[in-house]
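Data file: work_10.cif. Format and content: mmCIF, C-alpha atoms and all ligand atoms.
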data_my_file
loop_
_atom_site.label_atom_id
_atom_site.label_comp_id
_atom_site.auth_asym_id
_atom_site.auth_seq_id
_atom_site.Cartn_x
_atom_site.Cartn_y
_atom_site.Cartn_z
CA MET A 1 13.68 17.39 -6.54
CA ALA A 2 13.53 18.38 -2.89
CA GLN A 3 15.57 15.67 -1.31
CA GLN A 4 18.63 16.21 -3.44
CA ALA A 5 18.47 19.94 -4.04
CA ALA A 6 20.85 20.79 -1.24
CA ALA A 7 23.94 19.40 -2.85
CA GLY A 8 26.71 19.01 -0.34
CA ALA A 9 24.31 18.98 2.60
CA PRO A 10 24.76 16.23 5.16
CA ALA A 11 23.40 12.92 4.07
CA THR A 12 20.05 13.28 5.69
CA ALA A 13 18.40 11.65 2.74
CA CYS A 14 18.39 8.08 1.93
CA CYS A 15 21.13 6.30 0.32
CA TYR A 16 24.39 7.33 1.86
CA ASP A 17 24.11 5.67 5.22
CA ALA A 18 22.44 2.56 3.92
CA PRO A 19 24.72 -0.38 4.61
CA ARG A 20 26.47 -1.39 1.43
CA GLU A 21 25.77 -4.95 0.59
CA PRO A 22 28.48 -6.78 -1.24
CA ARG A 23 28.07 -6.60 -4.96
CA ALA A 24 26.76 -9.68 -6.66
CA ALA A 25 30.17 -11.06 -7.40
CA SER A 26 29.16 -14.68 -7.72
CA PRO A 27 26.01 -14.85 -9.77
CA SER A 28 23.80 -17.82 -9.12
CA ARG A 29 23.91 -18.86 -12.73
CA ARG A 30 27.04 -18.90 -14.75
CA VAL A 31 27.89 -15.88 -16.82
CA SER A 32 30.98 -16.74 -18.74
CA ARG A 33 31.94 -13.30 -19.98
CA GLN A 34 30.41 -10.25 -21.59
CA PRO A 35 27.15 -10.36 -19.65
CA VAL A 36 24.26 -9.58 -21.99
CA GLY A 37 22.10 -6.89 -20.47
CA ALA A 38 19.41 -4.46 -21.45
CA HIS A 39 17.92 -1.11 -20.67
CA VAL A 40 14.73 -1.87 -18.76
CA SER A 41 11.94 0.18 -17.26
CA SER A 42 11.87 0.71 -13.51
CA SER A 43 8.30 1.94 -13.54
CA GLY A 44 6.70 0.90 -10.25
CA GLY A 45 9.98 1.01 -8.28
CA LEU A 46 13.65 0.49 -8.94
CA TRP A 47 13.50 -3.18 -7.96
CA THR A 48 10.88 -3.94 -10.64
CA ALA A 49 13.65 -3.53 -13.21
CA VAL A 50 15.14 -6.79 -11.95
CA ASP A 51 11.90 -8.67 -12.63
CA ARG A 52 11.82 -7.29 -16.17
CA ALA A 53 15.45 -8.23 -16.71
CA ARG A 54 14.77 -11.76 -15.48
CA ALA A 55 11.79 -12.15 -17.79
CA MET A 56 14.00 -11.40 -20.77
CA GLU A 57 16.94 -13.43 -19.43
CA ALA A 58 19.18 -10.37 -19.20
CA GLU A 59 22.32 -10.69 -17.09
CA ALA A 60 22.97 -6.97 -16.60
CA ILE A 61 20.70 -3.93 -16.54
CA GLN A 62 20.51 -0.26 -17.29
CA VAL A 63 17.74 1.97 -15.91
CA PHE A 64 16.85 5.64 -15.78
CA PRO A 65 17.04 7.19 -12.28
CA SER A 66 13.95 9.23 -13.18
CA ALA A 67 11.78 10.01 -16.20
CA PRO A 68 14.21 10.76 -19.05
CA GLN A 69 12.35 13.67 -20.63
CA THR A 70 11.83 15.73 -17.47
CA TRP A 71 13.89 17.52 -14.82
CA ARG A 72 11.78 16.00 -12.05
CA GLN A 73 13.90 13.74 -9.86
CA THR A 74 12.25 10.57 -8.58
CA LYS A 75 12.73 10.10 -4.85
CA HIS A 76 14.00 6.60 -4.17
CA THR A 77 13.56 5.55 -0.54
CA PRO A 78 16.08 3.53 1.46
CA GLU A 79 13.59 0.65 1.25
CA ALA A 80 13.57 0.89 -2.54
CA TYR A 81 17.37 0.72 -2.64
CA ALA A 82 17.41 -2.25 -0.25
CA ARG A 83 14.78 -4.08 -2.29
CA PHE A 84 16.69 -3.41 -5.46
CA ARG A 85 19.98 -4.63 -4.02
CA ALA A 86 18.38 -7.82 -2.68
CA ALA A 87 16.54 -8.56 -5.94
CA ARG A 88 19.64 -7.88 -7.97
CA ALA A 89 21.80 -10.20 -5.87
CA GLU A 90 19.19 -12.94 -5.98
CA ALA A 91 18.87 -12.69 -9.76
CA GLY A 92 22.65 -12.73 -10.23
CA ILE A 93 22.65 -9.47 -12.17
CA THR A 94 26.32 -8.83 -12.83
CA HIS A 95 26.33 -5.14 -13.76
CA VAL A 96 23.98 -2.25 -13.13
CA TRP A 97 24.27 1.07 -14.95
CA LEU A 98 22.02 4.07 -14.78
CA HIS A 99 21.43 6.18 -17.86
CA CYS A 100 21.15 9.88 -17.13
CA PRO A 101 17.97 11.60 -18.33
CA TYR A 102 18.28 13.37 -21.69
CA LEU A 103 17.82 17.03 -20.77
CA PRO A 104 21.20 17.82 -19.16
CA ASN A 105 23.75 19.66 -21.29
CA LEU A 106 27.04 20.18 -19.49
CA ALA A 107 28.05 22.76 -22.12
CA ALA A 108 24.81 24.77 -21.87
CA GLU A 109 25.32 28.52 -22.26
CA ASP A 110 22.14 29.31 -20.40
CA GLU A 111 23.03 29.54 -16.72
CA GLU A 112 19.82 27.99 -15.41
CA HIS A 113 20.01 25.06 -17.85
CA TRP A 114 23.66 24.49 -16.91
CA GLU A 115 22.91 24.51 -13.16
CA LYS A 116 19.97 22.13 -13.61
CA SER A 117 22.20 19.88 -15.69
CA ILE A 118 24.82 19.68 -12.95
CA ASP A 119 22.15 18.92 -10.37
CA ALA A 120 20.51 16.23 -12.52
CA VAL A 121 23.73 14.36 -13.24
CA ALA A 122 24.85 14.57 -9.61
CA ASN A 123 21.47 13.20 -8.59
CA ALA A 124 21.85 10.28 -10.99
CA LEU A 125 25.25 9.50 -9.44
CA ARG A 126 23.76 9.54 -5.94
CA VAL A 127 21.01 7.17 -7.07
CA ALA A 128 23.68 4.90 -8.56
CA ASP A 129 25.46 4.81 -5.21
CA GLY A 130 22.23 4.14 -3.38
CA ALA A 131 21.40 1.28 -5.71
CA GLY A 132 24.92 -0.15 -5.61
CA ALA A 133 25.24 0.42 -9.36
CA ASP A 134 28.52 0.59 -11.25
CA GLY A 135 27.82 4.09 -12.47
CA VAL A 136 25.93 6.47 -14.70
CA VAL A 137 26.11 6.79 -18.48
CA VAL A 138 25.71 10.39 -19.62
CA HIS A 139 25.50 12.24 -22.92
CA THR A 140 27.84 15.16 -22.30
CA GLY A 141 25.69 17.56 -24.28
CA SER A 142 25.83 19.88 -27.23
CA ARG A 143 28.34 22.59 -28.08
CA ARG A 144 26.07 23.81 -30.87
CA ALA A 145 28.14 25.97 -33.23
CA ARG A 146 30.97 26.48 -30.74
CA GLY A 147 34.24 24.60 -30.95
CA MET A 148 35.19 21.96 -28.42
CA GLN A 149 38.03 24.06 -27.00
CA GLU A 150 35.59 26.90 -26.46
CA VAL A 151 33.16 24.82 -24.37
CA LEU A 152 35.73 22.61 -22.66
CA PRO A 153 36.20 24.80 -19.54
CA ARG A 154 32.45 24.87 -18.97
CA VAL A 155 32.12 21.09 -19.37
CA ALA A 156 35.12 20.52 -17.09
CA THR A 157 33.75 22.81 -14.37
CA ALA A 158 30.39 21.04 -14.56
CA LEU A 159 32.03 17.62 -14.16
CA GLU A 160 34.18 18.76 -11.24
CA ARG A 161 31.10 20.11 -9.48
CA ILE A 162 29.13 16.92 -10.21
CA LEU A 163 31.82 14.64 -8.82
CA ALA A 164 32.19 16.86 -5.73
CA ALA A 165 28.43 16.91 -5.14
CA ALA A 166 28.18 13.12 -5.40
CA PRO A 167 31.36 11.89 -3.73
CA GLY A 168 30.53 8.19 -3.81
CA GLU A 169 32.06 5.33 -5.72
CA ALA A 170 29.84 5.31 -8.79
CA LEU A 171 31.55 6.01 -12.11
CA LEU A 172 30.42 8.63 -14.58
CA ALA A 173 30.73 7.20 -18.09
CA LEU A 174 30.67 9.62 -21.00
CA GLU A 175 29.03 8.11 -24.08
CA ASN A 176 30.40 8.45 -27.59
CA ALA A 177 28.06 10.15 -30.06
CA ALA A 178 27.03 9.42 -33.64
CA GLY A 179 28.52 12.72 -34.78
CA GLN A 180 25.22 14.49 -35.39
CA GLY A 181 25.02 18.29 -35.15
CA GLY A 182 27.06 19.86 -32.40
CA THR A 183 26.90 16.82 -30.15
CA ILE A 184 29.88 16.36 -27.83
CA GLY A 185 31.05 12.77 -28.04
CA SER A 186 33.75 12.13 -30.62
CA PHE A 187 36.72 10.17 -29.29
CA ASP A 188 38.73 13.40 -29.40
CA ASP A 189 36.04 15.24 -27.44
CA LEU A 190 36.03 12.55 -24.76
CA GLY A 191 39.83 12.59 -24.67
CA ALA A 192 39.92 16.35 -24.17
CA ILE A 193 37.42 16.02 -21.33
CA VAL A 194 39.24 13.29 -19.41
CA ARG A 195 42.50 15.21 -19.75
CA ALA A 196 40.79 18.31 -18.37
CA VAL A 197 39.19 16.40 -15.48
CA PRO A 198 41.64 13.67 -14.51
CA SER A 199 39.33 11.84 -12.12
CA PRO A 200 39.50 8.05 -11.83
CA ARG A 201 35.70 8.12 -11.64
CA LEU A 202 35.37 9.36 -15.24
CA ALA A 203 34.78 6.46 -17.60
CA VAL A 204 33.57 5.89 -21.14
CA CYS A 205 30.64 3.95 -22.56
CA LEU A 206 30.98 2.90 -26.20
CA ASP A 207 27.74 2.70 -28.16
CA THR A 208 28.22 0.42 -31.17
CA CYS A 209 25.51 2.14 -33.24
CA HIS A 210 26.97 5.58 -32.53
CA ALA A 211 30.51 4.43 -33.35
CA TYR A 212 29.40 2.90 -36.65
CA ALA A 213 27.36 5.96 -37.59
CA ALA A 214 30.34 8.15 -36.70
CA GLY A 215 32.38 6.28 -39.32
CA TYR A 216 34.16 3.56 -37.33
CA ASP A 217 33.85 0.25 -39.15
CA ILE A 218 33.72 -1.97 -36.10
CA THR A 219 32.33 -4.88 -38.14
CA THR A 220 35.72 -6.15 -39.32
CA PRO A 221 38.67 -7.18 -37.14
CA GLU A 222 40.89 -4.57 -38.82
CA GLY A 223 38.31 -1.80 -38.44
CA LEU A 224 37.62 -2.70 -34.84
CA ASP A 225 41.34 -2.82 -34.07
CA ALA A 226 41.84 0.66 -35.55
CA THR A 227 38.82 1.92 -33.59
CA LEU A 228 40.06 0.56 -30.28
CA ARG A 229 43.56 1.92 -30.91
CA GLU A 230 42.11 5.35 -31.54
CA LEU A 231 39.96 5.12 -28.44
CA ASP A 232 42.97 3.97 -26.44
CA ASP A 233 45.02 6.94 -27.67
CA ALA A 234 42.19 9.36 -26.90
CA VAL A 235 40.99 8.22 -23.47
CA GLY A 236 42.81 5.02 -22.53
CA LEU A 237 41.00 1.69 -22.88
CA GLN A 238 41.08 1.19 -19.11
CA ARG A 239 38.33 3.84 -18.94
CA LEU A 240 36.04 1.84 -21.24
CA ARG A 241 33.60 0.23 -18.81
CA ALA A 242 30.41 -0.57 -20.73
CA LEU A 243 29.13 -1.19 -24.24
CA HIS A 244 25.77 -0.12 -25.57
CA ALA A 245 25.08 -3.01 -27.93
CA ASN A 246 22.89 -1.63 -30.70
CA ASP A 247 22.72 -2.39 -34.38
CA SER A 248 22.51 0.64 -36.67
CA LYS A 249 19.76 1.64 -39.11
CA GLY A 250 22.08 4.24 -40.62
CA GLU A 251 25.04 3.37 -42.79
CA LEU A 252 28.71 3.66 -41.91
CA GLY A 253 29.50 7.34 -41.37
CA SER A 254 25.84 8.37 -41.77
CA ARG A 255 25.94 10.34 -38.50
CA ARG A 256 22.41 9.07 -37.84
CA ASP A 257 21.59 8.01 -34.29
CA ARG A 258 19.06 5.32 -35.20
CA HIS A 259 19.28 2.07 -33.29
CA GLU A 260 18.25 -1.26 -34.85
CA ASN A 261 17.65 -4.73 -33.42
CA ILE A 262 20.69 -7.00 -33.22
CA GLY A 263 21.45 -8.50 -36.63
CA ASP A 264 18.82 -6.48 -38.49
CA GLY A 265 20.92 -3.40 -39.21
CA GLN A 266 24.12 -2.36 -40.93
CA ILE A 267 26.39 -3.86 -38.27
CA GLY A 268 24.64 -7.20 -38.65
CA GLU A 269 25.23 -10.54 -37.03
CA ALA A 270 28.73 -10.80 -38.53
CA GLY A 271 29.62 -7.40 -37.08
CA PHE A 272 28.55 -8.44 -33.61
CA ARG A 273 30.53 -11.65 -34.00
CA THR A 274 33.61 -9.50 -34.57
CA LEU A 275 32.78 -7.39 -31.51
CA LEU A 276 32.13 -10.35 -29.24
CA ALA A 277 35.33 -12.11 -30.29
CA GLU A 278 37.48 -9.08 -29.43
CA PRO A 279 39.69 -9.82 -26.42
CA ARG A 280 39.84 -6.17 -25.36
CA LEU A 281 36.05 -6.12 -24.93
CA GLN A 282 35.69 -9.37 -22.99
CA ALA A 283 35.16 -7.91 -19.53
CA LEU A 284 32.51 -5.39 -20.51
CA PRO A 285 28.75 -5.67 -20.03
CA LEU A 286 26.66 -5.40 -23.21
CA LEU A 287 23.61 -3.22 -22.69
CA LEU A 288 20.87 -3.30 -25.32
CA GLU A 289 19.03 -0.10 -26.27
CA VAL A 290 17.28 -1.49 -29.33
CA PRO A 291 13.74 -0.77 -30.58
CA GLY A 292 12.55 -4.34 -29.94
CA ILE A 293 11.20 -6.84 -32.42
CA ASP A 294 7.82 -5.08 -32.35
CA GLY A 295 9.62 -1.83 -33.17
CA LYS A 296 8.40 0.10 -30.15
CA SER A 297 8.71 -1.71 -26.82
CA GLY A 298 12.47 -1.52 -26.47
CA PRO A 299 14.92 -4.27 -25.58
CA ASP A 300 13.28 -7.71 -25.41
CA ARG A 301 14.06 -11.36 -24.85
CA GLU A 302 14.64 -12.02 -28.53
CA ASN A 303 17.44 -9.41 -28.73
CA VAL A 304 19.02 -10.76 -25.54
CA LEU A 305 18.94 -14.29 -26.98
CA ARG A 306 20.39 -13.14 -30.30
CA LEU A 307 23.38 -11.57 -28.56
CA LYS A 308 23.85 -14.60 -26.31
CA ARG A 309 23.77 -16.94 -29.30
CA ILE A 310 26.44 -14.90 -31.04
CA ARG A 311 28.54 -14.72 -27.86
CA ASP A 312 28.30 -18.43 -27.17
CA ALA A 313 29.07 -19.32 -30.78
CA VAL A 314 32.24 -17.23 -30.70
CA ALA A 315 33.44 -19.08 -27.59
CA PRO A 316 31.10 -21.75 -26.25
CA PRO A 317 30.32 -21.48 -22.52
ZN ZN A 401 23.61 4.46 -26.09
ZN ZN A 402 21.70 6.48 -29.63
#
When written as structure tokens, how does the structure in this file appear?
Ligand SMILES: [Zn+2]
Ligand SMILES: [Zn+2]
Amino acid sequence: MAQQAAAGAPATACCYDAPREPRAASPSRRVSRQPVGAHVSSSGGLWTAVDRARAMEAEAIQVFPSAPQTWRQTKHTPEAYARFRAARAEAGITHVWLHCPYLPNLAAEDEEHWEKSIDAVANALRVADGAGADGVVVHTGSRRARGMQEVLPRVATALERILAAAPGEALLALENAAGQGGTIGSFDDLGAIVRAVPSPRLAVCLDTCHAYAAGYDITTPEGLDATLRELDDAVGLQRLRALHANDSKGELGSRRDRHENIGDGQIGEAGFRTLLAEPRLQALPLLLEVPGIDGKSGPDRENVLRLKRIRDAVAPP
């Protein structure tokens, strides 16, 4: 926690003065479109995530900046960032996203929880800048029984403070939610937030499982078209920067946030074929957050290969 606690302090810590290496714009192996990536562990150092991605043939990665169930912030050294950037360029990883830990709630009523939330998300953004990542995906939080309009000023203030405390280039992508409980993350919620905080650094990450569970039938061309139109009206499709590619255990509109392996859930292989054929989604990285074929280890090579097979069948490389 120490190194980042003094938000706004001069960049004595690590990442800011590290020379920015050019992003891996020309991957060594060909990635036609829609890079297939995965959430991977960075246990042992940020750069180890690249080895894990390589082993499963992933073309893009998502990592946590620190342990997801704690407030403790991992200190990444300048050497760790440099190693990560070099490994990433060598492996031809096209996109890197961080996923914010789970504890922050930007609508928290409790003052201490709210302050810690702001600090944690700002820290994740600074790590993203240090690592040369595209940005950070965040769950905005929970409004509990309160209405969105009631919590909006608090969420907006939190986001303004976060962006000011981490004034780099990394994007902050708000993720859509499955619609469970008082979770903030409907398309309308995200629209209200980006109107309240009109920063070009605010983006959106669309999770396919969450969208399906929230009642958007993205498995058919008509349903997907209606979904993308609604998202465009709410936030503007230019803000959509990443996809969490997850099949859904729960049925359409179930409001259950239960991810399934690609092709084994309610979205199914045909649903992903629809998604991967959609022109408006062509430029986006696909990031797997699936349980894994063994049901517990998380994204694996088999899920990466399944998505690649579907992608390459839709439009051969
Ligand atoms: Zn997700
Ligand atoms: Zn989820």
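Residues in contact range of Glu57 (chain A), defined as at most 12 Å between all atoms listed in the file, with sequence neighbours fewer than 4 positions away removed, read A:Arg29, A:Val31, A:Pro35, A:Val36, A:Gly37, A:Ala38, A:Val40, A:Val50, A:Asp51, A:Arg52, A:Ala53, A:Ile61, A:Ala91, A:Gly92, A:Ile93, A:Pro299, A:Asp300, A:Arg301, A:Glu302, A:Asn303, A:Val304, A:Leu305, A:Arg306, A:Leu307, A:Lys308.
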Can you pull out every residue within 10 Å of Pro101 (chain A), counting only C-alpha atoms, but drop anything in the same chain fewer than 3 positions away, and send it as a ChimeraX atom specification?
/A:63-73,98,104,117,120-121,124,137-139
Taking only C-alpha atoms and all ligand atoms into account, which residues are within 10 Å of ligand ZN 402 (chain A), as a list of chain:residue names?
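The residues near ligand ZN 402 (chain A) are A:His139, A:Glu175, A:Asn176, A:Ala177, A:Ala178, A:Asp207, A:Thr208, A:Cys209, A:His210, A:Ala211, A:Ala213, A:His244, A:Asn246, A:Ser248, A:Arg256, A:Asp257, A:Arg258, A:His259, A:Glu260, A:Glu289, A:Val290.
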What is the distance between CA of Leu240 (chain A) and CA of Pro200 (chain A), in Å to one decimal?
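Taking CA of Leu240 (chain A) and CA of Pro200 (chain A), their separation equals 11.8 Å.
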From the set A:Asp189, A:Asp225, A:Glu111, A:Asp134, which residue has the shortest atom-to-atom contact distance to Pro279 (chain A), counting all atoms listed in the file?
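Among A:Asp189, A:Asp225, A:Glu111, A:Asp134, it is A:Asp225 that comes nearest to Pro279 (chain A).
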Just give me the gap between CA of Tyr81 (chain A) and CA of Ala122 (chain A) in Å, one decimal is fine.
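It comes out at 17.2 Å.
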Measure the distance from CA of Ala60 (chain A) to CA of His39 (chain A) in Å and round it to one decimal.
8.7 Å
My list of candidates is A:Ile267, A:Leu243, A:Ala87, A:Leu103. Which is closest to Ala283 (chain A) when distances are computed with only C-alpha atoms?
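Looking only at the distances to Ala283 (chain A), the closest residue turns out to be A:Leu243.
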Incomplete region 110-129 of chain A filled out to N, CA and C atoms as a short mmCIF file (atom, residue, chain, number, x, y, z; two decimals), in the coordinates of the input:
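Output contents, as saved in out-v1.cif:
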data_model
loop_
_atom_site.label_atom_id
_atom_site.label_comp_id
_atom_site.auth_asym_id
_atom_site.auth_seq_id
_atom_site.Cartn_x
_atom_site.Cartn_y
_atom_site.Cartn_z
N ASP A 110 23.14 28.75 -21.31
CA ASP A 110 22.14 29.31 -20.40
C ASP A 110 22.46 28.86 -18.97
N GLU A 111 22.58 29.83 -18.09
CA GLU A 111 23.03 29.54 -16.72
C GLU A 111 22.09 28.58 -16.00
N GLU A 112 20.78 28.83 -16.14
CA GLU A 112 19.82 27.99 -15.41
C GLU A 112 19.87 26.54 -15.93
N HIS A 113 19.95 26.40 -17.26
CA HIS A 113 20.01 25.06 -17.85
C HIS A 113 21.28 24.34 -17.39
N TRP A 114 22.36 25.08 -17.32
CA TRP A 114 23.66 24.49 -16.91
C TRP A 114 23.59 24.03 -15.45
N GLU A 115 23.03 24.87 -14.59
CA GLU A 115 22.91 24.51 -13.16
C GLU A 115 22.00 23.29 -12.98
N LYS A 116 20.89 23.28 -13.71
CA LYS A 116 19.97 22.13 -13.61
C LYS A 116 20.65 20.86 -14.13
N SER A 117 21.48 21.03 -15.12
CA SER A 117 22.20 19.88 -15.69
C SER A 117 23.14 19.29 -14.65
N ILE A 118 23.88 20.14 -13.98
CA ILE A 118 24.82 19.68 -12.95
C ILE A 118 24.05 18.95 -11.85
N ASP A 119 22.95 19.53 -11.44
CA ASP A 119 22.15 18.92 -10.37
C ASP A 119 21.59 17.56 -10.79
N ALA A 120 21.13 17.48 -12.04
CA ALA A 120 20.51 16.23 -12.52
C ALA A 120 21.54 15.10 -12.62
N VAL A 121 22.73 15.41 -13.10
CA VAL A 121 23.73 14.36 -13.24
C VAL A 121 24.25 13.94 -11.87
N ALA A 122 24.42 14.91 -10.97
CA ALA A 122 24.85 14.57 -9.61
C ALA A 122 23.80 13.70 -8.94
N ASN A 123 22.54 14.03 -9.16
CA ASN A 123 21.47 13.20 -8.59
C ASN A 123 21.54 11.77 -9.11
N ALA A 124 21.77 11.63 -10.41
CA ALA A 124 21.85 10.28 -10.99
C ALA A 124 23.00 9.50 -10.35
N LEU A 125 24.11 10.18 -10.08
CA LEU A 125 25.25 9.50 -9.44
C LEU A 125 24.90 9.07 -8.02
N ARG A 126 24.15 9.91 -7.31
CA ARG A 126 23.76 9.54 -5.94
C ARG A 126 22.81 8.35 -5.96
N VAL A 127 21.91 8.32 -6.95
CA VAL A 127 21.01 7.17 -7.07
C VAL A 127 21.83 5.91 -7.37
N ALA A 128 22.83 6.05 -8.23
CA ALA A 128 23.68 4.90 -8.56
C ALA A 128 24.35 4.36 -7.29
N ASP A 129 24.83 5.26 -6.45
CA ASP A 129 25.46 4.81 -5.21
C ASP A 129 24.44 4.15 -4.29
#
